[in-house]
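K.L.:
Input: one structure, supplied below.
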Amino acid sequence: MLGIGSAAAIVYGVRRHRPARISPWLLLAGAIVASACGDVLTALNRPAAADVCFYAMIVLVACSLLQLTRVGAILVDRARLIDLLAFACSTLLVVWVFVIGDAGRIGNISGAYVIGALLLLAVVARVLVVVGRNLSAALLVLGAVGVLVSDILQPLWPGRLSESGFVVLYLAWGAAALHPSMVRLTVPAAPCPSSWRGRWAALLGISVATPPVVLLIEAVHGTVGDGVVIAVAGAITLVLAITRLTDSVTLNGQALTRERGLRQASAALVAAADTPAVDEAVRAAIVQLMPPGAIRSTVFAIDDRWVTLEAAPGIEAGPPSSSWWIEDADRDYATLVCPLWLEPLAVARPGGGALILVGRRDALTAARDTVEVLAGQAALALDRISLVEAVGRRDSDLYLRAVIRNSADIVVVLDEDQRIRYASPSLRELLGVDDLPPLAALGDLVCPGDRSQLLQAFRGSGDGVVFCSLLRADDSQVLVEARYRDLREDRLVQGFVVTLRDFPRGREPGEQLSQRDNLDELPAWVNRRSVRHKFRY
């Protein structure tokens, strides 16, 4: 009843708290059911079948802990743990067979059970050390201690008191799954593989070779009396070695995939000549770097104005980090935000932007470093494109300045916010100033009464004509005709090009010139008084 209740509690806790991975907890529930079946068979005086159930419990618990310590889980790098567990298992086997002796038993104590319980206690204790203050991990340790104590005491002093360790196991592991802290045990974490060292490989090799050597020694000296213990220890060390090898192959394959994907993405980003090409290269790299179906959506925003408020950190957050998380309603999914921002080149592209990925938390956690590198390369490509365009505009401005230096027409290039990016020298001569104020806007140079119509004209799109008056340095005014062209979509200009003509050298607003007329035949051109009266001079 306690075993079935504990397994039901684990299943209920999984359904209620919904951890990142449910397989470790379900395997743990299966191990408890196997232990309960072994208890029933023991009570029915069927020890052989009971041993099968207890061995199945050890196997299920081992599989559960392997899932719990999988790469990307709370134990990020389990290579050292596997090596130490394999060595501990082989050492316990040698001590049990050659030091304790008596067919692997002290009284009726089973060496296989004690070895399994010690390994279980070592792994869950390691989990508790890693996660720190976690009630679920502490309860798992308490249950492992109960199993170890009962495996030792129950064969020596059979009774209710010596069997209380199994009761502690059932109660503790069921309560561990019911507590909300059980979610932290399977929260994905970024893998941090350690460097290969020969002594650890030698240690693992010795651990795997120990059970066959012990079996050979017993076979040479006579009857093999510890076959079960040797078989269990050999199976455990073999599973640990295979797991170690699988982890190494998996990590190596993932590293090669990331390297290949980043190399191809770097080549595509270097060749990108505009923003759409950068967007296409980033999306192609994400498809190659991430597992199929791991990403729900990808947003490549080249300006902070395109990013939602939830995706941008607050002012109190301090300097922007390489990436940050946004929690999702579904715990299995999350949003990873990587800003497209490089501090040394922030002046070249102050708009910022971000690469936003929505997908499975475990996949995003494992590839977080790779995505950060990809975002940095994309930001570098965008900054390069912005700098190339800025240099191109500067060269165009210098070329334009050299061409129209002596022209009577005044050419002004405005940014989207109407700041003057370039103005021909004729404008300074017309205004009677040596130089324009820094960051001056065209609206700052016209009379206050004309600013509203000027702003209204540049708010829209397309070309047009505006008549306005400019303020000179001596507080006088000069009437001009401003013809503007909307070239904000042009890659080299990205702004308005305005041609100003001094109205006294032009014609009256709205008046059409015929091909046969000339300036001397039009008295309207010389009627300065009527023009000034009409335009509020």
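Letters A, B, ... mark the chains of the structure tokens in the order given; residue numbers begin at 1 per chain; ligand numbers begin at 1, in order shown.
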Find the nearest atom pair between each residue of range 148-259 of chain A and range 16-31 of chain A for residues within 10 Å, count only C-alpha atoms, give distances in Å to one decimal, sort rows by chain and ascending number, and present the table as JSON lines.
P.N.:
```
{"residue": "A:Tyr170", "atom": "CA", "partner": "A:Ala29", "partner_atom": "CA", "distance": 9.8}
{"residue": "A:Trp173", "atom": "CA", "partner": "A:Leu28", "partner_atom": "CA", "distance": 8.4}
{"residue": "A:Gly174", "atom": "CA", "partner": "A:Ala29", "partner_atom": "CA", "distance": 8.5}
{"residue": "A:Ala176", "atom": "CA", "partner": "A:Trp25", "partner_atom": "CA", "distance": 10.0}
{"residue": "A:Ala177", "atom": "CA", "partner": "A:Trp25", "partner_atom": "CA", "distance": 7.6}
{"residue": "A:Leu178", "atom": "CA", "partner": "A:His17", "partner_atom": "CA", "distance": 8.1}
{"residue": "A:His179", "atom": "CA", "partner": "A:His17", "partner_atom": "CA", "distance": 8.4}
{"residue": "A:Pro180", "atom": "CA", "partner": "A:His17", "partner_atom": "CA", "distance": 6.3}
{"residue": "A:Ser181", "atom": "CA", "partner": "A:His17", "partner_atom": "CA", "distance": 9.0}
{"residue": "A:Met182", "atom": "CA", "partner": "A:Pro19", "partner_atom": "CA", "distance": 7.3}
{"residue": "A:Val183", "atom": "CA", "partner": "A:Pro19", "partner_atom": "CA", "distance": 4.7}
{"residue": "A:Arg184", "atom": "CA", "partner": "A:Pro19", "partner_atom": "CA", "distance": 7.8}
{"residue": "A:Leu185", "atom": "CA", "partner": "A:Pro19", "partner_atom": "CA", "distance": 8.3}
{"residue": "A:Thr186", "atom": "CA", "partner": "A:Ala20", "partner_atom": "CA", "distance": 5.6}
{"residue": "A:Val187", "atom": "CA", "partner": "A:Ala20", "partner_atom": "CA", "distance": 5.8}
{"residue": "A:Pro188", "atom": "CA", "partner": "A:Ala20", "partner_atom": "CA", "distance": 7.3}
```
K.L.:
How would you write, as a ChimeraX atom specification, the set of residues in range 444-480 of chain A that DSSP gives as alpha helix (DSSP H)?
P.N.:
/A:451-459
K.L.:
Just the residues within 12 Å of Val358 in chain A, please, counting only C-alpha atoms, with nothing from its chain fewer than 6 positions along; format it as a list of chain:residue names.
P.N.:
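Neighbouring residues, sequence-local ones excluded: A:Ile286, A:Met290, A:Gly293, A:Ala294, A:Ile295, A:Arg296, A:Ser297, A:Thr298, A:Val299, A:Phe300, A:Ala311, A:Trp325, A:Ile326, A:Glu327, A:Asp328, A:Ala329, A:Asp330, A:Asp332, A:Tyr333, A:Ala334, A:Thr335, A:Leu336, A:Val337, A:Cys338, A:Leu364, A:Thr365.
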K.L.:
Please provide the set of residues having any atom within 8 Å of Ala354 in chain A, restricted to only C-alpha atoms, with same-chain residues fewer than 2 positions apart removed, written as a ChimeraX atom specification.
P.N.:
/A:299-304,307,337-341,352,356,375
K.L.:
Would you write out those residues with N, CA, C and O atoms, as an mmCIF file, in the first residue's frame?
P.N.:
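After the write, selection08.cif holds the following:
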```
data_model
loop_
_atom_site.group_PDB
_atom_site.id
_atom_site.type_symbol
_atom_site.label_atom_id
_atom_site.label_comp_id
_atom_site.auth_asym_id
_atom_site.auth_seq_id
_atom_site.Cartn_x
_atom_site.Cartn_y
_atom_site.Cartn_z
ATOM 1 N N VAL A 299 12.118 36.275 -34.452
ATOM 2 C CA VAL A 299 11.944 37.702 -34.757
ATOM 3 C C VAL A 299 13.333 38.324 -34.848
ATOM 4 O O VAL A 299 14.122 38.241 -33.902
ATOM 5 N N PHE A 300 13.619 38.942 -35.994
ATOM 6 C CA PHE A 300 14.894 39.626 -36.196
ATOM 7 C C PHE A 300 14.583 41.111 -36.365
ATOM 8 O O PHE A 300 14.237 41.583 -37.440
ATOM 9 N N ALA A 301 14.649 41.833 -35.255
ATOM 10 C CA ALA A 301 14.301 43.260 -35.232
ATOM 11 C C ALA A 301 15.593 44.073 -35.252
ATOM 12 O O ALA A 301 16.446 43.909 -34.370
ATOM 13 N N ILE A 302 15.745 44.948 -36.238
ATOM 14 C CA ILE A 302 16.966 45.743 -36.360
ATOM 15 C C ILE A 302 16.841 47.086 -35.667
ATOM 16 O O ILE A 302 17.768 47.894 -35.718
ATOM 17 N N ASP A 303 15.703 47.339 -35.021
ATOM 18 C CA ASP A 303 15.498 48.598 -34.309
ATOM 19 C C ASP A 303 14.715 48.296 -33.043
ATOM 20 O O ASP A 303 13.813 47.459 -33.042
ATOM 21 N N ASP A 304 15.071 48.986 -31.950
ATOM 22 C CA ASP A 304 14.379 48.759 -30.676
ATOM 23 C C ASP A 304 12.904 49.120 -30.753
ATOM 24 O O ASP A 304 12.109 48.643 -29.947
ATOM 25 N N VAL A 307 10.729 46.109 -31.153
ATOM 26 C CA VAL A 307 10.751 45.132 -30.073
ATOM 27 C C VAL A 307 9.674 45.497 -29.060
ATOM 28 O O VAL A 307 9.521 46.662 -28.690
ATOM 29 N N VAL A 337 16.029 36.371 -25.677
ATOM 30 C CA VAL A 337 16.250 37.660 -26.339
ATOM 31 C C VAL A 337 17.749 37.946 -26.348
ATOM 32 O O VAL A 337 18.384 38.008 -25.293
ATOM 33 N N CYS A 338 18.317 38.106 -27.542
ATOM 34 C CA CYS A 338 19.736 38.445 -27.714
ATOM 35 C C CYS A 338 19.814 39.803 -28.397
ATOM 36 O O CYS A 338 19.423 39.925 -29.566
ATOM 37 N N PRO A 339 20.274 40.839 -27.707
ATOM 38 C CA PRO A 339 20.318 42.179 -28.319
ATOM 39 C C PRO A 339 21.353 42.258 -29.432
ATOM 40 O O PRO A 339 22.423 41.653 -29.351
ATOM 41 N N LEU A 340 21.007 42.995 -30.476
ATOM 42 C CA LEU A 340 21.931 43.252 -31.588
ATOM 43 C C LEU A 340 22.656 44.554 -31.298
ATOM 44 O O LEU A 340 22.428 45.585 -31.938
ATOM 45 N N TRP A 341 23.546 44.483 -30.318
ATOM 46 C CA TRP A 341 24.168 45.707 -29.803
ATOM 47 C C TRP A 341 25.611 45.421 -29.469
ATOM 48 O O TRP A 341 25.912 44.515 -28.692
ATOM 49 N N GLY A 352 19.832 49.831 -32.181
ATOM 50 C CA GLY A 352 19.811 48.602 -31.398
ATOM 51 C C GLY A 352 19.152 47.465 -32.157
ATOM 52 O O GLY A 352 19.565 47.100 -33.251
ATOM 53 N N ILE A 356 15.074 37.496 -31.324
ATOM 54 C CA ILE A 356 14.150 36.926 -30.350
ATOM 55 C C ILE A 356 13.720 35.551 -30.839
ATOM 56 O O ILE A 356 13.176 35.417 -31.942
ATOM 57 N N ALA A 375 24.025 36.249 -32.790
ATOM 58 C CA ALA A 375 23.499 37.612 -32.675
ATOM 59 C C ALA A 375 24.623 38.641 -32.745
ATOM 60 O O ALA A 375 24.468 39.711 -33.357
#
```
K.L.:
Where does range 130-248 of chain A meet range 43-64 of chain A within 12 Å, residue by residue, with the nearest atom pair and distance in Å to one decimal for each, counting only C-alpha atoms, listed by chain and rising number, as a tab-separated table?
P.N.:
```
residue	atom	partner	partner_atom	distance
A:Leu140	CA	A:Val61	CA	11.4
A:Ala144	CA	A:Val61	CA	10.5
A:Val147	CA	A:Ile58	CA	11.1
A:Asp151	CA	A:Phe54	CA	11.0
A:Trp173	CA	A:Val61	CA	11.7
A:Thr186	CA	A:Ser64	CA	11.5
A:Val228	CA	A:Tyr55	CA	10.3
A:Val229	CA	A:Tyr55	CA	10.8
A:Ala231	CA	A:Tyr55	CA	11.1
A:Val232	CA	A:Tyr55	CA	8.4
A:Ala233	CA	A:Ile58	CA	11.3
A:Ala235	CA	A:Val59	CA	9.5
A:Ile236	CA	A:Ala62	CA	8.4
A:Thr237	CA	A:Ala62	CA	11.3
A:Val239	CA	A:Ala62	CA	9.3
A:Leu240	CA	A:Ala62	CA	9.5
A:Thr243	CA	A:Cys63	CA	10.5
```
K.L.:
Include N, CA and C atoms and write out the residues we just selected as a PDB file, in the first residue's frame.
P.N.:
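Below is the file that was written, part.pdb:
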```pdb
ATOM      1  N   LEU A 140      14.924  12.981  -1.486  1.00  0.00           N
ATOM      2  CA  LEU A 140      15.520  11.875  -2.245  1.00  0.00           C
ATOM      3  C   LEU A 140      16.710  11.285  -1.496  1.00  0.00           C
ATOM      4  N   ALA A 144      17.164   7.466   0.014  1.00  0.00           N
ATOM      5  CA  ALA A 144      18.329   6.618  -0.282  1.00  0.00           C
ATOM      6  C   ALA A 144      19.010   6.143   0.987  1.00  0.00           C
ATOM      7  N   VAL A 147      16.967   3.227   2.350  1.00  0.00           N
ATOM      8  CA  VAL A 147      17.201   1.972   1.630  1.00  0.00           C
ATOM      9  C   VAL A 147      18.504   1.332   2.080  1.00  0.00           C
ATOM     10  N   ASP A 151      18.769  -2.263   3.922  1.00  0.00           N
ATOM     11  CA  ASP A 151      19.477  -3.353   3.245  1.00  0.00           C
ATOM     12  C   ASP A 151      20.535  -3.985   4.139  1.00  0.00           C
ATOM     13  N   TRP A 173      10.180   9.708  -1.047  1.00  0.00           N
ATOM     14  CA  TRP A 173      10.181   9.916  -2.491  1.00  0.00           C
ATOM     15  C   TRP A 173       8.807  10.371  -2.991  1.00  0.00           C
ATOM     16  N   THR A 186      14.921  19.307 -12.729  1.00  0.00           N
ATOM     17  CA  THR A 186      14.977  19.031 -14.162  1.00  0.00           C
ATOM     18  C   THR A 186      14.996  20.302 -14.993  1.00  0.00           C
ATOM     19  N   VAL A 228      26.238 -13.303  -8.809  1.00  0.00           N
ATOM     20  CA  VAL A 228      25.198 -12.277  -8.890  1.00  0.00           C
ATOM     21  C   VAL A 228      25.780 -10.884  -8.634  1.00  0.00           C
ATOM     22  N   VAL A 229      26.614 -10.806  -7.571  1.00  0.00           N
ATOM     23  CA  VAL A 229      27.211  -9.507  -7.245  1.00  0.00           C
ATOM     24  C   VAL A 229      28.114  -9.029  -8.381  1.00  0.00           C
ATOM     25  N   ALA A 231      27.913  -9.871 -11.529  1.00  0.00           N
ATOM     26  CA  ALA A 231      27.080  -9.520 -12.687  1.00  0.00           C
ATOM     27  C   ALA A 231      26.453  -8.140 -12.525  1.00  0.00           C
ATOM     28  N   VAL A 232      25.926  -7.866 -11.327  1.00  0.00           N
ATOM     29  CA  VAL A 232      25.316  -6.553 -11.090  1.00  0.00           C
ATOM     30  C   VAL A 232      26.354  -5.445 -11.203  1.00  0.00           C
ATOM     31  N   ALA A 233      27.526  -5.632 -10.564  1.00  0.00           N
ATOM     32  CA  ALA A 233      28.572  -4.612 -10.632  1.00  0.00           C
ATOM     33  C   ALA A 233      29.062  -4.424 -12.064  1.00  0.00           C
ATOM     34  N   ALA A 235      27.334  -5.001 -14.818  1.00  0.00           N
ATOM     35  CA  ALA A 235      26.292  -4.319 -15.592  1.00  0.00           C
ATOM     36  C   ALA A 235      26.280  -2.825 -15.302  1.00  0.00           C
ATOM     37  N   ILE A 236      26.436  -2.465 -14.023  1.00  0.00           N
ATOM     38  CA  ILE A 236      26.431  -1.052 -13.658  1.00  0.00           C
ATOM     39  C   ILE A 236      27.611  -0.315 -14.291  1.00  0.00           C
ATOM     40  N   THR A 237      28.803  -0.870 -14.165  1.00  0.00           N
ATOM     41  CA  THR A 237      29.974  -0.203 -14.741  1.00  0.00           C
ATOM     42  C   THR A 237      29.889  -0.132 -16.263  1.00  0.00           C
ATOM     43  N   VAL A 239      27.073   0.025 -18.076  1.00  0.00           N
ATOM     44  CA  VAL A 239      26.094   1.062 -18.415  1.00  0.00           C
ATOM     45  C   VAL A 239      26.698   2.452 -18.218  1.00  0.00           C
ATOM     46  N   LEU A 240      27.459   2.628 -17.157  1.00  0.00           N
ATOM     47  CA  LEU A 240      28.094   3.929 -16.925  1.00  0.00           C
ATOM     48  C   LEU A 240      29.110   4.251 -18.019  1.00  0.00           C
ATOM     49  N   THR A 243      27.262   5.125 -21.156  1.00  0.00           N
ATOM     50  CA  THR A 243      26.699   6.472 -21.005  1.00  0.00           C
ATOM     51  C   THR A 243      27.772   7.535 -21.190  1.00  0.00           C
TER      52      THR A 243
END
```
